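Participant: This is my_file_34.txt, which holds compact mmCIF, C-alpha atoms:
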```txt
# COMPACT_ATOMS: atom_id res chain seq x y z
CA MET A 3 134.80 162.21 138.98
CA LEU A 4 134.52 165.88 139.90
CA GLU A 5 133.65 165.04 143.49
CA CYS A 6 136.64 162.70 143.68
CA TYR A 7 138.86 165.61 142.67
CA GLU A 8 137.56 167.57 145.67
CA ALA A 9 137.87 164.61 148.04
CA THR A 10 141.51 163.98 147.06
CA ARG A 11 142.72 167.57 146.80
CA ASP A 12 144.49 167.51 150.19
CA LEU A 13 146.34 164.23 149.62
CA PRO A 14 150.14 164.68 149.38
CA LEU A 15 151.79 164.55 145.96
CA GLN A 16 155.25 163.66 144.75
CA GLN A 17 156.94 164.50 141.49
CA LYS A 18 157.59 161.78 138.95
CA ASN A 19 159.61 161.81 135.75
CA ILE A 20 157.50 160.73 132.77
CA GLU A 21 158.51 160.14 129.17
CA THR A 22 155.81 161.43 126.82
CA PRO A 23 155.75 160.75 123.05
CA ILE A 24 157.24 164.23 122.57
CA GLY A 25 159.76 164.32 125.40
CA PRO A 26 160.34 164.04 129.14
CA CYS A 27 158.34 165.94 131.75
CA VAL A 28 157.85 166.05 135.49
CA ALA A 29 154.31 165.39 136.75
CA ASN A 30 152.63 164.99 140.11
CA GLU A 31 151.22 161.72 141.43
CA LEU A 32 149.76 160.68 144.77
CA SER A 33 152.58 160.27 147.27
CA GLY A 34 152.52 156.73 148.60
CA LYS A 35 148.80 156.90 149.30
CA LYS A 36 146.89 153.69 149.07
CA LEU A 37 143.21 154.31 148.39
CA ALA A 38 140.22 152.01 148.57
CA ILE A 39 136.76 152.81 147.30
CA VAL A 40 133.82 151.02 148.86
CA PRO A 41 130.46 151.53 147.17
CA ILE A 42 127.34 150.70 149.14
CA LEU A 43 125.51 148.27 146.86
CA ARG A 44 123.84 148.73 144.59
CA ALA A 45 123.53 152.45 143.90
CA GLY A 46 127.11 153.20 144.96
CA LEU A 47 128.35 151.23 141.94
CA GLY A 48 127.30 154.16 139.77
CA MET A 49 130.07 156.27 141.32
CA VAL A 50 132.93 153.77 141.00
CA ASP A 51 134.02 154.37 137.40
CA GLY A 52 134.41 158.12 137.89
CA ILE A 53 136.80 157.60 140.78
CA LEU A 54 138.74 154.82 139.07
CA ASN A 55 139.23 157.15 136.09
CA LEU A 56 141.12 159.52 138.40
CA VAL A 57 142.72 156.93 140.69
CA PRO A 58 143.09 153.71 138.67
CA SER A 59 145.30 152.12 141.34
CA ALA A 60 142.53 152.25 143.99
CA LYS A 61 141.30 148.92 145.30
CA VAL A 62 137.55 148.31 145.30
CA GLY A 63 135.57 146.70 148.11
CA HIS A 64 131.81 146.28 148.41
CA ILE A 65 129.23 146.60 151.15
CA GLY A 66 125.69 145.41 150.48
CA MET A 67 122.64 146.79 152.26
CA TYR A 68 118.98 147.16 151.54
CA ARG A 69 116.36 149.25 153.26
CA ASP A 70 113.69 147.53 155.33
CA GLU A 71 110.58 149.33 154.09
CA THR A 72 108.79 148.92 157.43
CA THR A 73 111.50 150.13 159.81
CA LYS A 74 113.33 152.33 157.24
CA LYS A 75 116.57 150.88 158.67
CA PRO A 76 119.41 149.38 156.61
CA VAL A 77 119.81 145.62 156.55
CA PRO A 78 123.40 144.52 155.79
CA TYR A 79 123.90 141.44 153.65
CA TYR A 80 127.46 141.59 152.25
CA CYS A 81 130.90 142.97 153.10
CA LYS A 82 134.05 142.27 151.08
CA LEU A 83 136.97 144.66 151.58
CA PRO A 84 140.54 144.67 150.24
CA ALA A 85 142.81 142.46 152.35
CA ASP A 86 145.08 145.41 153.15
CA ILE A 87 142.26 147.82 154.08
CA ALA A 88 144.13 148.83 157.26
CA GLU A 89 146.84 150.38 155.08
CA ARG A 90 144.40 152.42 153.01
CA ASP A 91 142.42 155.63 153.02
CA VAL A 92 138.83 154.60 152.27
CA PHE A 93 136.21 156.44 150.22
CA VAL A 94 132.68 155.16 150.92
CA LEU A 95 130.30 155.83 148.03
CA ASP A 96 126.53 156.16 147.98
CA PRO A 97 124.68 158.60 145.70
CA MET A 98 122.07 159.42 148.34
CA LEU A 99 122.57 160.36 151.99
CA ALA A 100 119.00 160.38 153.33
CA THR A 101 118.66 159.20 156.94
CA GLY A 102 122.35 158.34 157.17
CA GLY A 103 121.61 154.79 158.31
CA SER A 104 123.38 152.96 155.48
CA ALA A 105 126.39 155.27 155.61
CA ILE A 106 126.71 154.89 159.38
CA ASP A 107 126.40 151.09 159.23
CA ALA A 108 128.87 150.82 156.33
CA ILE A 109 131.40 152.98 158.16
CA ASP A 110 130.88 150.96 161.35
CA GLN A 111 131.78 147.81 159.40
CA ILE A 112 134.84 149.39 157.77
CA LYS A 113 136.14 150.78 161.07
CA GLU A 114 136.39 147.24 162.43
CA TYR A 115 139.40 146.86 160.07
CA HIS A 116 141.11 150.10 161.25
CA PRO A 117 141.76 151.89 157.94
CA LYS A 118 143.96 155.00 157.92
CA SER A 119 140.99 157.28 157.25
CA ILE A 120 137.46 157.27 155.86
CA ARG A 121 135.69 159.81 153.65
CA PHE A 122 132.07 159.61 152.56
CA LEU A 123 131.03 160.76 149.07
CA CYS A 124 127.44 161.26 147.92
CA ILE A 125 125.66 163.21 145.20
CA ILE A 126 122.49 164.32 147.00
CA SER A 127 122.04 164.64 150.75
CA ALA A 128 119.38 165.63 153.26
CA PRO A 129 120.15 167.73 156.34
CA GLU A 130 118.97 164.87 158.56
CA GLY A 131 121.46 162.45 157.00
CA ILE A 132 124.36 164.88 157.26
CA GLN A 133 123.59 165.49 160.95
CA ALA A 134 123.22 161.78 161.74
CA LEU A 135 126.47 160.85 159.99
CA GLN A 136 128.38 163.70 161.64
CA LYS A 137 127.06 162.68 165.05
CA ALA A 138 127.89 158.99 164.59
CA HIS A 139 131.27 159.51 162.90
CA PRO A 140 132.63 163.02 163.52
CA ASP A 141 136.03 161.88 162.19
CA VAL A 142 134.64 161.13 158.70
CA ASP A 143 134.70 163.94 156.14
CA ILE A 144 131.52 164.19 154.05
CA TYR A 145 131.57 165.28 150.41
CA ALA A 146 128.10 166.03 149.03
CA ALA A 147 127.42 167.66 145.65
CA ALA A 148 124.03 168.96 146.83
CA MET A 149 121.94 169.18 149.98
CA ASP A 150 118.21 169.04 149.32
CA GLU A 151 115.44 170.39 151.54
CA LYS A 152 114.43 167.54 153.86
CA LEU A 153 113.22 163.96 154.24
CA ASN A 154 109.55 163.13 153.73
CA GLU A 155 107.48 160.80 155.93
CA ASP A 156 108.83 157.78 153.97
CA CYS A 157 112.43 158.93 154.60
CA TYR A 158 113.03 159.88 150.96
CA ILE A 159 114.93 163.04 150.08
CA VAL A 160 112.74 165.96 148.94
CA PRO A 161 112.86 166.91 146.16
CA GLY A 162 115.53 164.23 145.61
CA LEU A 163 115.34 161.92 142.62
CA GLY A 164 113.71 158.76 143.90
CA ASP A 165 115.60 155.49 144.21
CA ALA A 166 119.14 156.09 142.89
CA GLY A 167 119.77 152.40 142.16
CA ASP A 168 116.60 152.15 140.08
CA ARG A 169 117.54 155.26 138.13
CA ILE A 170 121.14 154.15 137.51
CA PHE A 171 120.23 150.61 136.47
CA GLY A 172 116.88 151.31 134.78
CA THR A 173 114.79 149.15 137.12
CA LEU A 174 112.09 151.71 137.89
```
In structure tokens, what does this structure look like?

Facilitator:
Amino acid sequence: MLECYEATRDLPLQQKNIETPIGPCVANELSGKKLAIVPILRAGLGMVDGILNLVPSAKVGHIGMYRDETTKKPVPYYCKLPADIAERDVFVLDPMLATGGSAIDAIDQIKEYHPKSIRFLCIISAPEGIQALQKAHPDVDIYAAAMDEKLNEDCYIVPGLGDAGDRIFGTL
């Protein structure tokens, strides 16, 4: 949720009259912005609720990928996006940005639908993943809560936290 605050801080606002239980007030709301959040399955699901708490009107799509343990490359298996994705600003979610392969492939898929903009949100990143994503998609802003030291020979973030999906869903 805190990262979503940072990723939305530059979106335009408009004032809205609201009736509270005590009396009327004027509050800010997003100005005509249509947002979509697209978690990369399965670990990205762990970030969805925090964003929906701040932006409950956001539409949710899903992109499924798994990592081929031999090649270390992502293998896509599912893509379902909101029908009006071209009218939306898209936030792609994945807790870990290691090699950048999944993020790059997910963004490649989303760009085929010509959304207004794309932002990538992760919790932990590696320098190699940041560089790869910036090179492949220089127009995509990256929001990372932390950047760890490096990738190891198995392309895991060091020190990292292991497999984010396993940790979130208790399937260690």

Participant: Under the rule that only C-alpha atoms are counted, which of A:Asn154, A:Ser59, A:Thr173, A:Gln136 is the nearest residue to A:Ala45?

Facilitator: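 The shortest atom-to-atom distance to A:Ala45 comes from A:Thr173.
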
Participant: With all atoms listed in the file as the counted atoms, please give the residues lying no more than 9 Å from A:Ala134, apart from itself and same-chain residues fewer than 2 positions off, as a list in words.

Facilitator: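 Residues near the query, excluding close chain neighbours: Thr101, Gly102, Gly103, Ile106, Pro129, Glu130, Gly131, Ile132, Gln136, Lys137, Ala138 and His139 of chain A.
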
Participant: Kindly compute an axis-aligned box around the listed atoms of stretch 90-106 of chain A, allowing 3 Å on each side, and express its centre and edge lengths in Å to one decimal as AutoDock Vina command-line options.

Facilitator:
```
--center_x 131.5 --center_y 156.4 --center_z 152.5 --size_x 31.7 --size_y 14.0 --size_z 19.7
```

Participant: Tell me which of A:Pro117, A:Gly172, A:Pro76, A:Pro23 sits closest to A:Leu43, counting all atoms listed in the file.

Facilitator: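 Of the candidates, the smallest distance to A:Leu43 is held by A:Pro76.
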
Participant: Where does stretch 25-132 of chain A meet stretch 144-149 of chain A within 12 Å, residue by residue, with the nearest atom pair and distance in Å to one decimal for each, counting all atoms listed in the file, listed by chain and rising number, as CSV?

Facilitator:
```
residue,atom,partner,partner_atom,distance
A:Phe93,CA,A:Ile144,CA,9.8
A:Val94,CA,A:Ile144,CA,9.6
A:Leu95,CA,A:Tyr145,CA,9.8
A:Asp96,CA,A:Ala146,CA,10.0
A:Pro97,CA,A:Ala146,CA,8.8
A:Met98,CA,A:Ala146,CA,9.0
A:Leu99,CA,A:Ala146,CA,8.5
A:Ala100,CA,A:Met149,CA,9.9
A:Gly102,CA,A:Ile144,CA,11.3
A:Ala105,CA,A:Ile144,CA,10.4
A:Ile106,CA,A:Ile144,CA,11.7
A:Ile109,CA,A:Ile144,CA,11.9
A:Ile120,CA,A:Ile144,CA,9.3
A:Arg121,CA,A:Ile144,CA,6.1
A:Phe122,CA,A:Ile144,CA,4.8
A:Leu123,CA,A:Tyr145,CA,4.7
A:Cys124,CA,A:Ala146,CA,4.9
A:Ile125,CA,A:Ala147,CA,4.8
A:Ile126,CA,A:Ala148,CA,4.9
A:Ser127,CA,A:Met149,CA,4.6
A:Ala128,CA,A:Met149,CA,5.5
A:Pro129,CA,A:Met149,CA,6.8
A:Glu130,CA,A:Met149,CA,10.1
A:Gly131,CA,A:Met149,CA,9.7
A:Ile132,CA,A:Ile144,CA,7.9
```

Participant: If you measure from atom CA of A:Tyr158 to atom CA of A:Lys74, what distance in Å do you get, rounded to one decimal?

Facilitator: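 Rounded to one decimal, the two atoms are 9.8 Å apart.
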
Participant: Quick one: everything within 8 Å of A:Tyr79, counting only C-alpha atoms, minus sequence neighbours fewer than 3 positions away in the same chain. Send it as a VMD selection string.

Facilitator: chain A and resid 65 to 68

Participant: Could you take the residues named above and write them with C-alpha atoms, as a compact mmCIF listing (two decimals), keeping the file's coordinate frame?

Facilitator:
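Output below, filename selection-v2.txt:
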```
# COMPACT_ATOMS: atom_id res chain seq x y z
CA ILE A 65 129.23 146.60 151.15
CA GLY A 66 125.69 145.41 150.48
CA MET A 67 122.64 146.79 152.26
CA TYR A 68 118.98 147.16 151.54
```

Participant: Could you state the separation of atom CA of A:Leu47 and atom CA of A:Glu155 in Å, given to one decimal place?

Facilitator: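 Computed distance, atom CA of A:Leu47 to atom CA of A:Glu155, equals 26.9 Å.
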
Participant: Of the candidates A:Ala29, A:Gln16, A:Glu5, A:Leu153, which shows the shortest atom-to-atom distance to A:Val50, using only C-alpha atoms?

Facilitator: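 Using only C-alpha atoms, the shortest distance to A:Val50 belongs to A:Glu5.
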